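Shown next, in structure tokens, is the structure this report addresses.
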Amino acid sequence: MEQNNKRLIVALDVDTMDEVRQLVETLGDAVSHYKVGMQLFYSVGMECLTYLRERRKDVFLDLKMHDIPNTVAQGAASLTRLGVAMINVQASGGLAMMRAAAEKVTETASALNIPRPKLIAVTVLTSMDNTEWTLLRNVASIPDQVVHLAKLAKEAGLDGVVASPQEAELIRKACGDDFAIVTPGVRPLGAALNDQSRVATPADALKAGAHYLVVGRPITKAQDPRAAALAILDEMRKA
Ligand SMILES: O=c1ccn([C@@H]2O[C@H](COP(=O)(O)O)[C@@H](O)[C@H]2O)c(=O)[nH]1
């Protein structure tokens, strides 16, 4: 299992390179893995990836692709060429879409002789609670649907899923130890939930079987982001 500071992924949900530089410099060697999502990537584009690569940071490029199989497969090829460590699709795009993406990622990485990024699938967003879920006329429960989507992602050849820590144990049982479980919705005791619903503490997320913890605002909006990150890493180490 990777070291804790590889297993903590800090979500860089900011708008500008100035904010990126300030956070990455403040966090220093405490954090080696960052998530770049739509807020940052749509604002500054490749500049943030180049900056993080120069500092030897691993990048999870969280663009949650969702489209027909050919479009997502070609998008996945483009993201593979960027040399990031992890990319993702929406599992609700279906088995054929996930399979096409997985095949294209493997083909592209091997043609370029570069490391294959982990391709993972978003199951059910961690902000979703039962009220929102029912409003969408979903019939299965959230945990049932998460496990179902995780199994489909595994069948399609993906490397893992994004899910709430609350479903991590079920996914581990259904998909095994080698299938990566990436969990946002992580909140240290006493931290604001913000718009997250299905949450757990860092220690509980690890105990439930999560491989990677994604943490954004509890670190990036903290008065002292480095101290907040170190406290989470300490909790992870003890767990
Ligand atoms: O189900 C999901 C999928 C992705 N996310 C992303 O993770 C971070 C969480 O940030 P916090 O500030 O710690 O809430 C954010 O970038 C989301 O886009 C998620 O939360 N849930």
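In the structure tokens, the first chain shown is A, the next is B, and so on; residue numbers restart at 1 for each chain, and ligands run from 1 in the order shown.
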>> What residues of the protein or nucleic acid chains come within 10 Å of ligand 1 when you use only C-alpha atoms and all ligand atoms? Reply as a ChimeraX atom specification.
In response: /A:9-14,35-40,62-64,88,90,121-128,161-164,182-187,192-199,213-221
> Out of segment 102-199 of chain A, which residues get helix (DSSP H, G or I) from DSSP, as an MDAnalysis selection string?
Replying inline: chainID A and resid 102:112 130:135 142:155 165:175
Requested write-out: N, CA and C atoms of the selected residues, as a tab-separated table (two decimals), in the first residue's frame:
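That gives us part-v2.tsv:
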chain	number	residue	atom	x	y	z
A	102	ALA	N	-11.45	2.49	-21.46
A	102	ALA	CA	-10.34	1.69	-20.89
A	102	ALA	C	-9.43	1.18	-22.00
A	103	GLU	N	-10.04	0.70	-23.09
A	103	GLU	CA	-9.22	0.17	-24.19
A	103	GLU	C	-8.36	1.28	-24.81
A	104	LYS	N	-8.96	2.44	-24.95
A	104	LYS	CA	-8.25	3.55	-25.59
A	104	LYS	C	-7.10	4.07	-24.72
A	105	VAL	N	-7.32	4.09	-23.41
A	105	VAL	CA	-6.26	4.54	-22.49
A	105	VAL	C	-5.06	3.59	-22.60
A	106	THR	N	-5.35	2.28	-22.58
A	106	THR	CA	-4.27	1.29	-22.67
A	106	THR	C	-3.52	1.43	-24.00
A	107	GLU	N	-4.31	1.52	-25.07
A	107	GLU	CA	-3.71	1.62	-26.42
A	107	GLU	C	-2.84	2.88	-26.54
A	108	THR	N	-3.35	4.01	-26.05
A	108	THR	CA	-2.62	5.27	-26.18
A	108	THR	C	-1.33	5.26	-25.36
A	109	ALA	N	-1.44	4.78	-24.13
A	109	ALA	CA	-0.25	4.77	-23.26
A	109	ALA	C	0.81	3.84	-23.83
A	110	SER	N	0.37	2.70	-24.35
A	110	SER	CA	1.39	1.78	-24.85
A	110	SER	C	1.99	2.28	-26.16
A	111	ALA	N	1.20	2.93	-27.01
A	111	ALA	CA	1.76	3.48	-28.26
A	111	ALA	C	2.81	4.56	-27.97
A	112	LEU	N	2.57	5.32	-26.90
A	112	LEU	CA	3.51	6.40	-26.57
A	112	LEU	C	4.59	5.96	-25.59
A	130	ASN	N	-30.46	10.99	0.23
A	130	ASN	CA	-31.60	10.18	-0.19
A	130	ASN	C	-32.72	11.01	-0.81
A	131	THR	N	-32.88	12.25	-0.33
A	131	THR	CA	-33.94	13.10	-0.86
A	131	THR	C	-33.67	13.43	-2.33
A	132	GLU	N	-32.45	13.89	-2.60
A	132	GLU	CA	-32.06	14.21	-3.99
A	132	GLU	C	-32.14	12.97	-4.88
A	133	TRP	N	-31.69	11.87	-4.31
A	133	TRP	CA	-31.64	10.60	-5.05
A	133	TRP	C	-33.04	10.17	-5.48
A	134	THR	N	-33.98	10.29	-4.55
A	134	THR	CA	-35.36	9.87	-4.85
A	134	THR	C	-36.00	10.83	-5.85
A	135	LEU	N	-35.64	12.10	-5.73
A	135	LEU	CA	-36.17	13.11	-6.67
A	135	LEU	C	-35.83	12.74	-8.12
A	142	ILE	N	-28.93	4.04	-2.71
A	142	ILE	CA	-27.62	4.58	-3.12
A	142	ILE	C	-26.52	3.51	-2.98
A	143	PRO	N	-26.40	2.83	-1.82
A	143	PRO	CA	-25.31	1.84	-1.72
A	143	PRO	C	-25.42	0.72	-2.77
A	144	ASP	N	-26.65	0.25	-3.04
A	144	ASP	CA	-26.82	-0.80	-4.05
A	144	ASP	C	-26.36	-0.31	-5.42
A	145	GLN	N	-26.73	0.91	-5.74
A	145	GLN	CA	-26.36	1.45	-7.05
A	145	GLN	C	-24.85	1.66	-7.15
A	146	VAL	N	-24.25	2.12	-6.06
A	146	VAL	CA	-22.79	2.33	-6.07
A	146	VAL	C	-22.08	1.01	-6.33
A	147	VAL	N	-22.49	-0.04	-5.62
A	147	VAL	CA	-21.82	-1.33	-5.79
A	147	VAL	C	-22.07	-1.87	-7.20
A	148	HIS	N	-23.29	-1.70	-7.70
A	148	HIS	CA	-23.60	-2.15	-9.06
A	148	HIS	C	-22.69	-1.44	-10.08
A	149	LEU	N	-22.56	-0.13	-9.94
A	149	LEU	CA	-21.73	0.64	-10.88
A	149	LEU	C	-20.25	0.26	-10.73
A	150	ALA	N	-19.83	-0.01	-9.50
A	150	ALA	CA	-18.43	-0.42	-9.29
A	150	ALA	C	-18.16	-1.75	-9.99
A	151	LYS	N	-19.10	-2.68	-9.89
A	151	LYS	CA	-18.90	-3.98	-10.56
A	151	LYS	C	-18.85	-3.79	-12.08
A	152	LEU	N	-19.72	-2.92	-12.61
A	152	LEU	CA	-19.71	-2.66	-14.05
A	152	LEU	C	-18.37	-2.05	-14.47
A	153	ALA	N	-17.88	-1.12	-13.64
A	153	ALA	CA	-16.60	-0.47	-13.96
A	153	ALA	C	-15.48	-1.51	-13.98
A	154	LYS	N	-15.53	-2.42	-13.05
A	154	LYS	CA	-14.50	-3.46	-13.00
A	154	LYS	C	-14.60	-4.36	-14.25
A	155	GLU	N	-15.82	-4.73	-14.59
A	155	GLU	CA	-16.04	-5.58	-15.77
A	155	GLU	C	-15.54	-4.87	-17.04
A	165	PRO	N	-16.89	7.35	1.28
A	165	PRO	CA	-16.29	6.38	2.22
A	165	PRO	C	-17.35	5.47	2.82
A	166	GLN	N	-18.59	5.94	2.85
A	166	GLN	CA	-19.66	5.11	3.44
A	166	GLN	C	-19.92	3.85	2.62
A	167	GLU	N	-19.51	3.86	1.36
A	167	GLU	CA	-19.71	2.66	0.53
A	167	GLU	C	-18.43	1.86	0.31
A	168	ALA	N	-17.32	2.34	0.89
A	168	ALA	CA	-16.02	1.72	0.58
A	168	ALA	C	-15.98	0.24	0.97
A	169	GLU	N	-16.52	-0.07	2.12
A	169	GLU	CA	-16.45	-1.46	2.58
A	169	GLU	C	-17.22	-2.40	1.63
A	170	LEU	N	-18.40	-1.94	1.20
A	170	LEU	CA	-19.20	-2.76	0.28
A	170	LEU	C	-18.46	-2.95	-1.05
A	171	ILE	N	-17.81	-1.90	-1.51
A	171	ILE	CA	-17.10	-1.99	-2.80
A	171	ILE	C	-15.91	-2.95	-2.67
A	172	ARG	N	-15.19	-2.86	-1.57
A	172	ARG	CA	-14.06	-3.77	-1.35
A	172	ARG	C	-14.52	-5.22	-1.40
A	173	LYS	N	-15.64	-5.48	-0.70
A	173	LYS	CA	-16.15	-6.86	-0.66
A	173	LYS	C	-16.54	-7.32	-2.07
A	174	ALA	N	-17.16	-6.42	-2.83
A	174	ALA	CA	-17.68	-6.81	-4.15
A	174	ALA	C	-16.58	-6.86	-5.22
A	175	CYS	N	-15.57	-6.00	-5.10
A	175	CYS	CA	-14.62	-5.84	-6.21
A	175	CYS	C	-13.18	-6.21	-5.85
> Taking only C-alpha atoms into account, which of A:Leu79, A:Val139, A:Ala228, A:Val20 comes nearest Arg116 of chain A?
Replying inline: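 Under the stated criterion, the closest residue is A:Leu79.
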> Using only C-alpha atoms, which of A:Gly83, A:Ala100, A:Ser32, A:Lys118 sits nearest Leu233 of chain A?
Replying inline: A:Ser32
> Within 6 Å of Gly160 of chain A, counting only C-alpha atoms, which residues qualify if same-chain residues fewer than 5 places away don't, as JSON, numbers by chain?
Replying inline: {"A": [120, 179, 180, 181]}
>> Please list as a list in words every residue within 8 Å of Lys57 of chain A, counting only C-alpha atoms and excluding residues in the same chain fewer than 4 positions away.
In response: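 Answer for this query is Ser32, His33, Tyr34, Leu52 and Arg53 of chain A.
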>> Here is a test: counting only C-alpha atoms, which residue of A:Ala191, A:Met17, A:Ala222, A:Ile232 is nearest to Ala205 of chain A?
In response: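 Nearest candidate to Ala205 of chain A out of A:Ala191, A:Met17, A:Ala222, A:Ile232: A:Ile232.
Closest approach to Tyr51 of chain A among A:Leu8, A:Met86, A:Val24, A:Ala77 is made by A:Val24 (distances from only C-alpha atoms).
The coordinates place atom CA of Arg21 of chain A at 12.5 Å from atom CA of Val44 of chain A.
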>> Among segment 37-214 of chain A, which residues does DSSP mark as strand (DSSP E) when it is run on the backbone? Keep the chain and numbering as in the structure and answer as an NGL selection string.
In response: :A and (37 or 58-65 or 86-90 or 118-122 or 160-162 or 180-183 or 212-214)
Those same residues - C-alpha atoms - I'd like them written as a PDB file, in the first residue's frame.
ATOM      1  CA  GLY A  37     -11.003  19.555 -11.433  1.00  0.00           C
ATOM      2  CA  ASP A  58       0.992  13.310  -9.085  1.00  0.00           C
ATOM      3  CA  VAL A  59      -2.182  14.624 -10.688  1.00  0.00           C
ATOM      4  CA  PHE A  60      -5.714  13.251 -10.704  1.00  0.00           C
ATOM      5  CA  LEU A  61      -7.393  15.128 -13.564  1.00  0.00           C
ATOM      6  CA  ASP A  62     -11.029  15.026 -12.471  1.00  0.00           C
ATOM      7  CA  LEU A  63     -13.060  15.990 -15.552  1.00  0.00           C
ATOM      8  CA  LYS A  64     -15.744  13.279 -15.136  1.00  0.00           C
ATOM      9  CA  MET A  65     -16.262  12.563 -18.826  1.00  0.00           C
ATOM     10  CA  MET A  86      -5.439   9.401 -12.853  1.00  0.00           C
ATOM     11  CA  ILE A  87      -8.445  10.359 -15.005  1.00  0.00           C
ATOM     12  CA  ASN A  88     -12.148   9.588 -14.752  1.00  0.00           C
ATOM     13  CA  VAL A  89     -15.492   9.028 -16.458  1.00  0.00           C
ATOM     14  CA  GLN A  90     -19.058   8.885 -15.156  1.00  0.00           C
ATOM     15  CA  LYS A 118      -5.476   4.960 -13.643  1.00  0.00           C
ATOM     16  CA  LEU A 119      -8.936   5.193 -15.201  1.00  0.00           C
ATOM     17  CA  ILE A 120     -11.680   5.331 -12.608  1.00  0.00           C
ATOM     18  CA  ALA A 121     -15.449   5.843 -12.671  1.00  0.00           C
ATOM     19  CA  VAL A 122     -17.604   8.179 -10.613  1.00  0.00           C
ATOM     20  CA  GLY A 160     -11.363   1.726  -9.635  1.00  0.00           C
ATOM     21  CA  VAL A 161     -14.152   4.074  -8.658  1.00  0.00           C
ATOM     22  CA  VAL A 162     -14.965   7.331  -6.918  1.00  0.00           C
ATOM     23  CA  ALA A 180      -8.987   1.375  -6.302  1.00  0.00           C
ATOM     24  CA  ILE A 181     -11.512   3.183  -4.121  1.00  0.00           C
ATOM     25  CA  VAL A 182     -11.123   6.956  -4.238  1.00  0.00           C
ATOM     26  CA  THR A 183     -13.233   8.765  -1.662  1.00  0.00           C
ATOM     27  CA  TYR A 212      -7.201   7.375  -1.705  1.00  0.00           C
ATOM     28  CA  LEU A 213      -8.829  10.201   0.256  1.00  0.00           C
ATOM     29  CA  VAL A 214      -9.750  13.356  -1.669  1.00  0.00           C
TER      30      VAL A 214
END
